[in-house]
Amino acid sequence: MDANENPFGDLNRYPDPYHKELKASVSKLKGIPVDNIFLGNGSDEVIDLCLRIFCNPGIDKALTFSPSYGMYEVSAAVNDVGIIKVPLNKSFQINLKKVKAVMKDDKLKVIFICSPNNPTANCMNPRDVEFIIRNFKGIILIDEAYIDFSGMPSFSNIIEQYSNLIVMQTFSKSLGLAAVRVGMAFSNPEIIHYFYKMKQPYNISTINQKTALKRLAAINSYREQVKIILVERKRLSENLKKLSIIETVFPSDSNFLLVKVRDADLIYNTLINNKIIIRNRSKIIKNCLRITVGTRTENNKLIRELKRISI
Ligand SMILES: Cc1ncc(COP(=O)(O)O)c(C=O)c1O
């Protein structure tokens, strides 16, 4: 009788603000203690909170590599945090020389590292990431939204070794719950405490917490889905490579493919007219398209349409 709720019904109580049951389940799955886990309304909330906790609006800055996930820049703008964009090299890897030059800026408080990176699909070289973690005095947020498609170990294994490291994962990709909006952040208990202090009290609804819990209880079926997506990624990639309109299919550690074509706008618009929506990334990487790996049927439909355009 403490929260002025309606006493009737089964959704009448406010959600658990500390996500205890769901955190216990995530802890078991990831082998990470509950005190090292924060759950957000999608990882987009984790990005926003990170900027709000560690940056003074109008004064401090954050660093994102380019091209990378657009939300870091959007969230920085919303929070009046300046953004430094450091271009990735030709292999879409971190250019350490360029990072070293800006790391000294004492207004730089947060570095976002997306690995595997969206939209380039590749993992960052772990040695470069570790160099940044060891040498940067501010916060490093490693976004591992696509880690389960990569076969690479998570940086969450080393969160206790560094006081400035946050690793972020999500229920939206390999766990198939983008509609549910649950993101995970792993860090030391002090940083986790700040996240819980700063968030809205009821950031994840009871329905969403329960849905995420149910998903984790059926973890084996999600593992099967990941296997199917990986098989389809390989098949889709091989088929795309055979098409004359495709110049390059970049290697992927994610559930999507980045492809370079001769005329991205033409292909994108032709596919739209055939009710297939992919992502046109040519404004940030010339003539590149990003294609999410779909079901076998969806992928076949895409290949069919692209073959028609190739003729
Ligand atoms: C790299 C990356 N991080 C985070 C997200 C968003 O995750 P969430 O659905 O948990 O907010 C996306 C979504 O596309 C993404 O590509």
# chains A, B, ... in the order shown; residues from 1 in each chain; ligands from 1
call {"tool": "residues_around", "arguments": {"residues": "A:Glu232", "least_positions_apart": "5", "cutoff": "9 Å", "atoms": "only C-alpha atoms", "output": "ChimeraX atom specification"}}
result
/A:227,237,293-296,299
call {"tool": "closest_atom_pairs", "arguments": {"of": "chain A", "to": "ligand 1", "cutoff": "8 Å", "atoms": "only C-alpha atoms and all ligand atoms", "output": "JSON lines"}}
result
{"residue": "A:Asn41", "atom": "CA", "partner": "ligand 1", "partner_atom_place_in_ligand_line": "11 (O)", "distance": 7.1}
{"residue": "A:Gly42", "atom": "CA", "partner": "ligand 1", "partner_atom_place_in_ligand_line": "10 (O)", "distance": 3.5}
{"residue": "A:Ser43", "atom": "CA", "partner": "ligand 1", "partner_atom_place_in_ligand_line": "10 (O)", "distance": 3.7}
{"residue": "A:Asp44", "atom": "CA", "partner": "ligand 1", "partner_atom_place_in_ligand_line": "11 (O)", "distance": 4.0}
{"residue": "A:Glu45", "atom": "CA", "partner": "ligand 1", "partner_atom_place_in_ligand_line": "11 (O)", "distance": 6.8}
{"residue": "A:Ser68", "atom": "CA", "partner": "ligand 1", "partner_atom_place_in_ligand_line": "1 (C)", "distance": 7.5}
{"residue": "A:Tyr69", "atom": "CA", "partner": "ligand 1", "partner_atom_place_in_ligand_line": "1 (C)", "distance": 5.1}
{"residue": "A:Met71", "atom": "CA", "partner": "ligand 1", "partner_atom_place_in_ligand_line": "4 (C)", "distance": 7.7}
{"residue": "A:Cys114", "atom": "CA", "partner": "ligand 1", "partner_atom_place_in_ligand_line": "1 (C)", "distance": 5.8}
{"residue": "A:Ser115", "atom": "CA", "partner": "ligand 1", "partner_atom_place_in_ligand_line": "1 (C)", "distance": 7.5}
{"residue": "A:Pro116", "atom": "CA", "partner": "ligand 1", "partner_atom_place_in_ligand_line": "1 (C)", "distance": 7.5}
{"residue": "A:Asn117", "atom": "CA", "partner": "ligand 1", "partner_atom_place_in_ligand_line": "1 (C)", "distance": 6.2}
{"residue": "A:Asn118", "atom": "CA", "partner": "ligand 1", "partner_atom_place_in_ligand_line": "1 (C)", "distance": 5.2}
{"residue": "A:Pro119", "atom": "CA", "partner": "ligand 1", "partner_atom_place_in_ligand_line": "16 (O)", "distance": 7.5}
{"residue": "A:Asp143", "atom": "CA", "partner": "ligand 1", "partner_atom_place_in_ligand_line": "3 (N)", "distance": 5.8}
{"residue": "A:Glu144", "atom": "CA", "partner": "ligand 1", "partner_atom_place_in_ligand_line": "1 (C)", "distance": 6.8}
{"residue": "A:Ala145", "atom": "CA", "partner": "ligand 1", "partner_atom_place_in_ligand_line": "3 (N)", "distance": 5.0}
{"residue": "A:Tyr146", "atom": "CA", "partner": "ligand 1", "partner_atom_place_in_ligand_line": "1 (C)", "distance": 7.0}
{"residue": "A:Gln169", "atom": "CA", "partner": "ligand 1", "partner_atom_place_in_ligand_line": "10 (O)", "distance": 7.1}
{"residue": "A:Thr170", "atom": "CA", "partner": "ligand 1", "partner_atom_place_in_ligand_line": "10 (O)", "distance": 4.5}
{"residue": "A:Phe171", "atom": "CA", "partner": "ligand 1", "partner_atom_place_in_ligand_line": "10 (O)", "distance": 6.2}
{"residue": "A:Ser172", "atom": "CA", "partner": "ligand 1", "partner_atom_place_in_ligand_line": "9 (O)", "distance": 4.8}
{"residue": "A:Lys173", "atom": "CA", "partner": "ligand 1", "partner_atom_place_in_ligand_line": "9 (O)", "distance": 7.5}
{"residue": "A:Ala178", "atom": "CA", "partner": "ligand 1", "partner_atom_place_in_ligand_line": "9 (O)", "distance": 5.3}
{"residue": "A:Ala179", "atom": "CA", "partner": "ligand 1", "partner_atom_place_in_ligand_line": "9 (O)", "distance": 7.9}
{"residue": "A:Arg181", "atom": "CA", "partner": "ligand 1", "partner_atom_place_in_ligand_line": "9 (O)", "distance": 5.8}
{"residue": "A:Val182", "atom": "CA", "partner": "ligand 1", "partner_atom_place_in_ligand_line": "10 (O)", "distance": 5.8}
{"residue": "A:Gly183", "atom": "CA", "partner": "ligand 1", "partner_atom_place_in_ligand_line": "10 (O)", "distance": 4.5}
{"residue": "A:Met184", "atom": "CA", "partner": "ligand 1", "partner_atom_place_in_ligand_line": "10 (O)", "distance": 7.8}
call {"tool": "write_last_selection", "arguments": {"atoms": "C-alpha atoms", "output": "tab-separated table (two decimals), in the first residue's frame"}}
result
chain	number	residue	atom	x	y	z
A	41	ASN	CA	14.99	0.63	-22.22
A	42	GLY	CA	16.98	-0.70	-25.16
A	43	SER	CA	20.69	0.03	-25.47
A	44	ASP	CA	19.70	3.43	-26.81
A	45	GLU	CA	18.80	4.37	-23.21
A	68	SER	CA	29.36	3.89	-37.02
A	69	TYR	CA	25.99	3.59	-35.32
A	71	MET	CA	22.62	7.03	-32.29
A	114	CYS	CA	30.99	-0.31	-31.82
A	115	SER	CA	32.25	-3.87	-32.32
A	116	PRO	CA	30.99	-5.50	-34.50
A	117	ASN	CA	30.48	-2.12	-36.10
A	118	ASN	CA	27.26	-0.95	-37.71
A	119	PRO	CA	27.19	-0.42	-40.74
A	143	ASP	CA	28.67	-1.52	-28.03
A	144	GLU	CA	28.41	-5.27	-28.64
A	145	ALA	CA	24.88	-5.31	-30.08
A	146	TYR	CA	25.96	-7.88	-32.72
A	169	GLN	CA	24.61	-5.72	-25.34
A	170	THR	CA	20.94	-5.95	-26.29
A	171	PHE	CA	17.88	-8.21	-26.48
A	172	SER	CA	17.10	-6.65	-29.90
A	173	LYS	CA	19.37	-8.65	-32.22
A	178	ALA	CA	13.67	-5.50	-30.76
A	179	ALA	CA	10.03	-4.65	-30.01
A	181	ARG	CA	13.27	-2.66	-25.70
A	182	VAL	CA	15.73	-4.19	-23.27
A	183	GLY	CA	19.42	-3.31	-23.37
A	184	MET	CA	22.17	-4.49	-21.04
call {"tool": "select_by_dssp", "arguments": {"residues": "stretch 10-86 of chain A", "states": "helix (DSSP H, G or I)", "output": "MDAnalysis selection string"}}
result
chainID A and resid 20:30 34:36 43:54 71:78
call {"tool": "write_last_selection", "arguments": {"atoms": "N, CA and C atoms", "output": "short mmCIF file (atom, residue, chain, number, x, y, z; two decimals), in the first residue's frame"}}
result
data_model
loop_
_atom_site.label_atom_id
_atom_site.label_comp_id
_atom_site.auth_asym_id
_atom_site.auth_seq_id
_atom_site.Cartn_x
_atom_site.Cartn_y
_atom_site.Cartn_z
N LYS A 20 15.14 -7.01 -10.72
CA LYS A 20 15.90 -8.06 -9.98
C LYS A 20 15.83 -9.42 -10.65
N GLU A 21 14.58 -9.84 -11.01
CA GLU A 21 14.42 -11.19 -11.56
C GLU A 21 15.13 -11.31 -12.92
N LEU A 22 14.93 -10.30 -13.75
CA LEU A 22 15.54 -10.33 -15.09
C LEU A 22 17.06 -10.24 -14.99
N LYS A 23 17.54 -9.41 -14.07
CA LYS A 23 19.00 -9.28 -13.90
C LYS A 23 19.61 -10.60 -13.44
N ALA A 24 18.89 -11.32 -12.55
CA ALA A 24 19.40 -12.61 -12.07
C ALA A 24 19.53 -13.58 -13.24
N SER A 25 18.56 -13.52 -14.14
CA SER A 25 18.56 -14.41 -15.29
C SER A 25 19.69 -14.04 -16.28
N VAL A 26 19.87 -12.73 -16.50
CA VAL A 26 20.96 -12.25 -17.38
C VAL A 26 22.31 -12.65 -16.75
N SER A 27 22.39 -12.50 -15.43
CA SER A 27 23.62 -12.82 -14.70
C SER A 27 24.01 -14.29 -14.92
N LYS A 28 23.00 -15.16 -14.85
CA LYS A 28 23.24 -16.60 -15.03
C LYS A 28 23.71 -16.88 -16.46
N LEU A 29 23.05 -16.25 -17.41
CA LEU A 29 23.39 -16.48 -18.83
C LEU A 29 24.80 -16.00 -19.16
N LYS A 30 25.13 -14.80 -18.66
CA LYS A 30 26.40 -14.17 -19.05
C LYS A 30 27.55 -14.50 -18.10
N VAL A 34 25.23 -9.81 -10.58
CA VAL A 34 24.13 -8.85 -10.75
C VAL A 34 24.57 -7.40 -10.46
N ASP A 35 25.53 -7.24 -9.56
CA ASP A 35 25.99 -5.88 -9.22
C ASP A 35 26.73 -5.22 -10.38
N ASN A 36 27.07 -6.00 -11.38
CA ASN A 36 27.78 -5.47 -12.55
C ASN A 36 26.84 -5.27 -13.74
N SER A 43 19.35 -0.53 -25.73
CA SER A 43 20.69 0.03 -25.47
C SER A 43 20.72 1.51 -25.78
N ASP A 44 19.74 1.99 -26.54
CA ASP A 44 19.70 3.43 -26.81
C ASP A 44 19.57 4.23 -25.50
N GLU A 45 18.88 3.66 -24.50
CA GLU A 45 18.80 4.37 -23.21
C GLU A 45 20.17 4.37 -22.51
N VAL A 46 20.91 3.27 -22.68
CA VAL A 46 22.24 3.20 -22.05
C VAL A 46 23.15 4.28 -22.65
N ILE A 47 23.07 4.48 -23.97
CA ILE A 47 23.89 5.50 -24.65
C ILE A 47 23.54 6.89 -24.09
N ASP A 48 22.24 7.16 -24.01
CA ASP A 48 21.78 8.46 -23.52
C ASP A 48 22.22 8.69 -22.07
N LEU A 49 22.04 7.66 -21.22
CA LEU A 49 22.42 7.81 -19.81
C LEU A 49 23.91 8.03 -19.65
N CYS A 50 24.68 7.32 -20.48
CA CYS A 50 26.13 7.43 -20.41
C CYS A 50 26.56 8.88 -20.65
N LEU A 51 25.95 9.51 -21.64
CA LEU A 51 26.28 10.92 -21.94
C LEU A 51 25.81 11.83 -20.81
N ARG A 52 24.62 11.54 -20.26
CA ARG A 52 24.08 12.40 -19.20
C ARG A 52 24.86 12.27 -17.90
N ILE A 53 25.37 11.05 -17.64
CA ILE A 53 26.12 10.83 -16.39
C ILE A 53 27.52 11.45 -16.48
N PHE A 54 28.18 11.26 -17.62
CA PHE A 54 29.61 11.58 -17.67
C PHE A 54 29.97 12.88 -18.38
N MET A 71 23.26 6.58 -33.53
CA MET A 71 22.62 7.03 -32.29
C MET A 71 23.60 7.74 -31.33
N TYR A 72 24.91 7.41 -31.45
CA TYR A 72 25.87 8.08 -30.55
C TYR A 72 25.85 9.58 -30.82
N GLU A 73 25.82 9.92 -32.11
CA GLU A 73 25.85 11.33 -32.51
C GLU A 73 24.52 12.01 -32.19
N VAL A 74 23.42 11.31 -32.47
CA VAL A 74 22.08 11.87 -32.20
C VAL A 74 21.93 12.15 -30.70
N SER A 75 22.32 11.17 -29.90
CA SER A 75 22.18 11.29 -28.45
C SER A 75 23.08 12.40 -27.89
N ALA A 76 24.28 12.52 -28.47
CA ALA A 76 25.19 13.59 -28.04
C ALA A 76 24.57 14.95 -28.36
N ALA A 77 23.98 15.08 -29.56
CA ALA A 77 23.37 16.35 -29.96
C ALA A 77 22.22 16.70 -29.01
N VAL A 78 21.38 15.71 -28.71
CA VAL A 78 20.23 15.94 -27.82
C VAL A 78 20.70 16.43 -26.44
#
call {"tool": "residues_around", "arguments": {"residues": "stretch 12-16 of chain A", "least_positions_apart": "2", "cutoff": "9 Å", "atoms": "only C-alpha atoms", "output": "list in words"}}
result
Ala3, Glu5, Asn6, Pro7, Phe8, Gly9, Asp10, Tyr18, His19, Lys20, Glu21, Pro201, Tyr202, Asn203, Ile204, Ser205, Thr206, Ile207 and Gln209 of chain A
call {"tool": "write_last_selection", "arguments": {"atoms": "N, CA and C atoms", "output": "compact mmCIF listing (two decimals), in the first residue's frame"}}
result
# COMPACT_ATOMS: atom_id res chain seq x y z
N ALA A 3 2.21 2.76 -3.17
CA ALA A 3 2.45 3.44 -4.45
C ALA A 3 1.17 3.94 -5.13
N GLU A 5 -1.48 2.52 -6.20
CA GLU A 5 -1.94 1.78 -7.37
C GLU A 5 -3.39 1.37 -7.16
N ASN A 6 -4.02 0.99 -8.25
CA ASN A 6 -5.34 0.37 -8.19
C ASN A 6 -5.15 -1.03 -7.61
N PRO A 7 -5.94 -1.47 -6.61
CA PRO A 7 -5.67 -2.78 -6.01
C PRO A 7 -6.10 -3.96 -6.89
N PHE A 8 -6.85 -3.70 -7.98
CA PHE A 8 -7.41 -4.81 -8.78
C PHE A 8 -6.60 -5.05 -10.07
N GLY A 9 -6.68 -6.27 -10.56
CA GLY A 9 -6.08 -6.59 -11.86
C GLY A 9 -4.73 -7.27 -11.72
N ASP A 10 -4.11 -7.63 -12.88
CA ASP A 10 -2.80 -8.29 -12.80
C ASP A 10 -1.67 -7.46 -13.41
N TYR A 18 14.41 -2.13 -10.17
CA TYR A 18 15.77 -2.70 -10.14
C TYR A 18 15.90 -3.96 -11.00
N HIS A 19 14.80 -4.36 -11.64
CA HIS A 19 14.82 -5.48 -12.60
C HIS A 19 15.46 -6.73 -12.00
N LYS A 20 15.14 -7.01 -10.72
CA LYS A 20 15.90 -8.06 -9.98
C LYS A 20 15.83 -9.42 -10.65
N GLU A 21 14.58 -9.84 -11.01
CA GLU A 21 14.42 -11.19 -11.56
C GLU A 21 15.13 -11.31 -12.92
N PRO A 201 12.51 5.95 -13.02
CA PRO A 201 12.29 4.83 -12.10
C PRO A 201 11.77 3.55 -12.77
N TYR A 202 10.81 3.71 -13.68
CA TYR A 202 10.20 2.50 -14.26
C TYR A 202 10.55 2.41 -15.74
N ASN A 203 11.83 2.32 -16.02
CA ASN A 203 12.28 2.40 -17.42
C ASN A 203 11.93 1.17 -18.24
N ILE A 204 11.71 0.02 -17.60
CA ILE A 204 11.31 -1.17 -18.37
C ILE A 204 9.99 -1.69 -17.80
N SER A 205 8.97 -1.76 -18.64
CA SER A 205 7.65 -2.16 -18.15
C SER A 205 7.66 -3.61 -17.65
N THR A 206 6.68 -3.93 -16.81
CA THR A 206 6.57 -5.30 -16.30
C THR A 206 6.39 -6.29 -17.45
N ILE A 207 5.56 -5.91 -18.43
CA ILE A 207 5.31 -6.81 -19.57
C ILE A 207 6.63 -7.10 -20.29
N GLN A 209 9.76 -6.80 -19.07
CA GLN A 209 10.68 -7.59 -18.24
C GLN A 209 10.30 -9.06 -18.30
call {"tool": "decode", "arguments": {"residues": "stretch 96-179 of chain A", "atoms": "C-alpha atoms", "output": "compact mmCIF listing (two decimals), in the first residue's frame"}}
result
# COMPACT_ATOMS: atom_id res chain seq x y z
CA LEU A 96 45.11 4.58 -33.51
CA LYS A 97 47.30 7.48 -34.58
CA LYS A 98 44.24 9.68 -35.07
CA VAL A 99 42.68 8.51 -31.80
CA LYS A 100 45.85 9.19 -29.83
CA ALA A 101 45.84 12.78 -31.11
CA VAL A 102 42.34 13.51 -29.74
CA MET A 103 42.51 11.34 -26.60
CA LYS A 104 44.53 14.10 -24.90
CA ASP A 105 41.61 16.57 -25.13
CA ASP A 106 40.60 17.03 -21.49
CA LYS A 107 37.00 17.79 -22.52
CA LEU A 108 36.69 14.35 -24.13
CA LYS A 109 34.78 12.24 -21.62
CA VAL A 110 33.28 9.28 -23.54
CA ILE A 111 34.55 7.11 -26.41
CA PHE A 112 32.01 4.92 -28.21
CA ILE A 113 33.43 1.78 -29.82
CA CYS A 114 30.99 -0.31 -31.82
CA SER A 115 32.25 -3.87 -32.32
CA PRO A 116 30.99 -5.50 -34.50
CA ASN A 117 30.48 -2.12 -36.10
CA ASN A 118 27.26 -0.95 -37.71
CA PRO A 119 27.19 -0.42 -40.74
CA THR A 120 30.58 -1.91 -41.70
CA ALA A 121 29.74 -5.31 -40.08
CA ASN A 122 33.27 -6.07 -38.85
CA CYS A 123 34.77 -6.41 -35.37
CA MET A 124 37.37 -3.87 -34.30
CA ASN A 125 40.85 -5.23 -33.71
CA PRO A 126 40.83 -6.21 -29.96
CA ARG A 127 44.40 -4.95 -29.52
CA ASP A 128 43.41 -1.45 -30.66
CA VAL A 129 40.38 -1.49 -28.36
CA GLU A 130 42.53 -2.57 -25.42
CA PHE A 131 45.03 0.17 -26.18
CA ILE A 132 42.25 2.76 -25.91
CA ILE A 133 40.89 1.21 -22.69
CA ARG A 134 44.35 1.28 -21.09
CA ASN A 135 45.30 4.78 -22.20
CA PHE A 136 42.10 6.85 -22.11
CA LYS A 137 41.21 8.41 -18.77
CA GLY A 138 37.50 8.87 -19.56
CA ILE A 139 34.73 6.33 -20.15
CA ILE A 140 34.84 3.73 -22.94
CA LEU A 141 31.50 2.30 -23.99
CA ILE A 142 31.88 -0.80 -26.16
CA ASP A 143 28.67 -1.52 -28.03
CA GLU A 144 28.41 -5.27 -28.64
CA ALA A 145 24.88 -5.31 -30.08
CA TYR A 146 25.96 -7.88 -32.72
CA ILE A 147 28.53 -9.87 -30.69
CA ASP A 148 26.55 -13.16 -30.82
CA PHE A 149 26.99 -13.26 -34.62
CA SER A 150 30.75 -12.78 -34.43
CA GLY A 151 32.24 -15.74 -32.58
CA MET A 152 34.49 -13.23 -30.77
CA PRO A 153 34.82 -13.09 -26.95
CA SER A 154 33.02 -10.23 -25.22
CA PHE A 155 34.91 -7.40 -23.56
CA SER A 156 32.56 -7.97 -20.60
CA ASN A 157 35.20 -10.51 -19.47
CA ILE A 158 37.46 -7.62 -18.42
CA ILE A 159 35.03 -5.10 -16.89
CA GLU A 160 36.44 -5.67 -13.40
CA GLN A 161 40.00 -4.92 -14.54
CA TYR A 162 39.21 -1.35 -15.60
CA SER A 163 37.34 1.38 -13.74
CA ASN A 164 36.33 3.15 -16.99
CA LEU A 165 34.87 0.33 -19.11
CA ILE A 166 31.19 -0.20 -19.97
CA VAL A 167 30.15 -3.04 -22.29
CA MET A 168 26.72 -2.93 -23.81
CA GLN A 169 24.61 -5.72 -25.34
CA THR A 170 20.94 -5.95 -26.29
CA PHE A 171 17.88 -8.21 -26.48
CA SER A 172 17.10 -6.65 -29.90
CA LYS A 173 19.37 -8.65 -32.22
CA SER A 174 20.36 -12.28 -31.53
CA LEU A 175 17.65 -12.58 -28.86
CA GLY A 176 15.03 -11.38 -31.35
CA LEU A 177 13.21 -8.91 -29.10
CA ALA A 178 13.67 -5.50 -30.76
CA ALA A 179 10.03 -4.65 -30.01
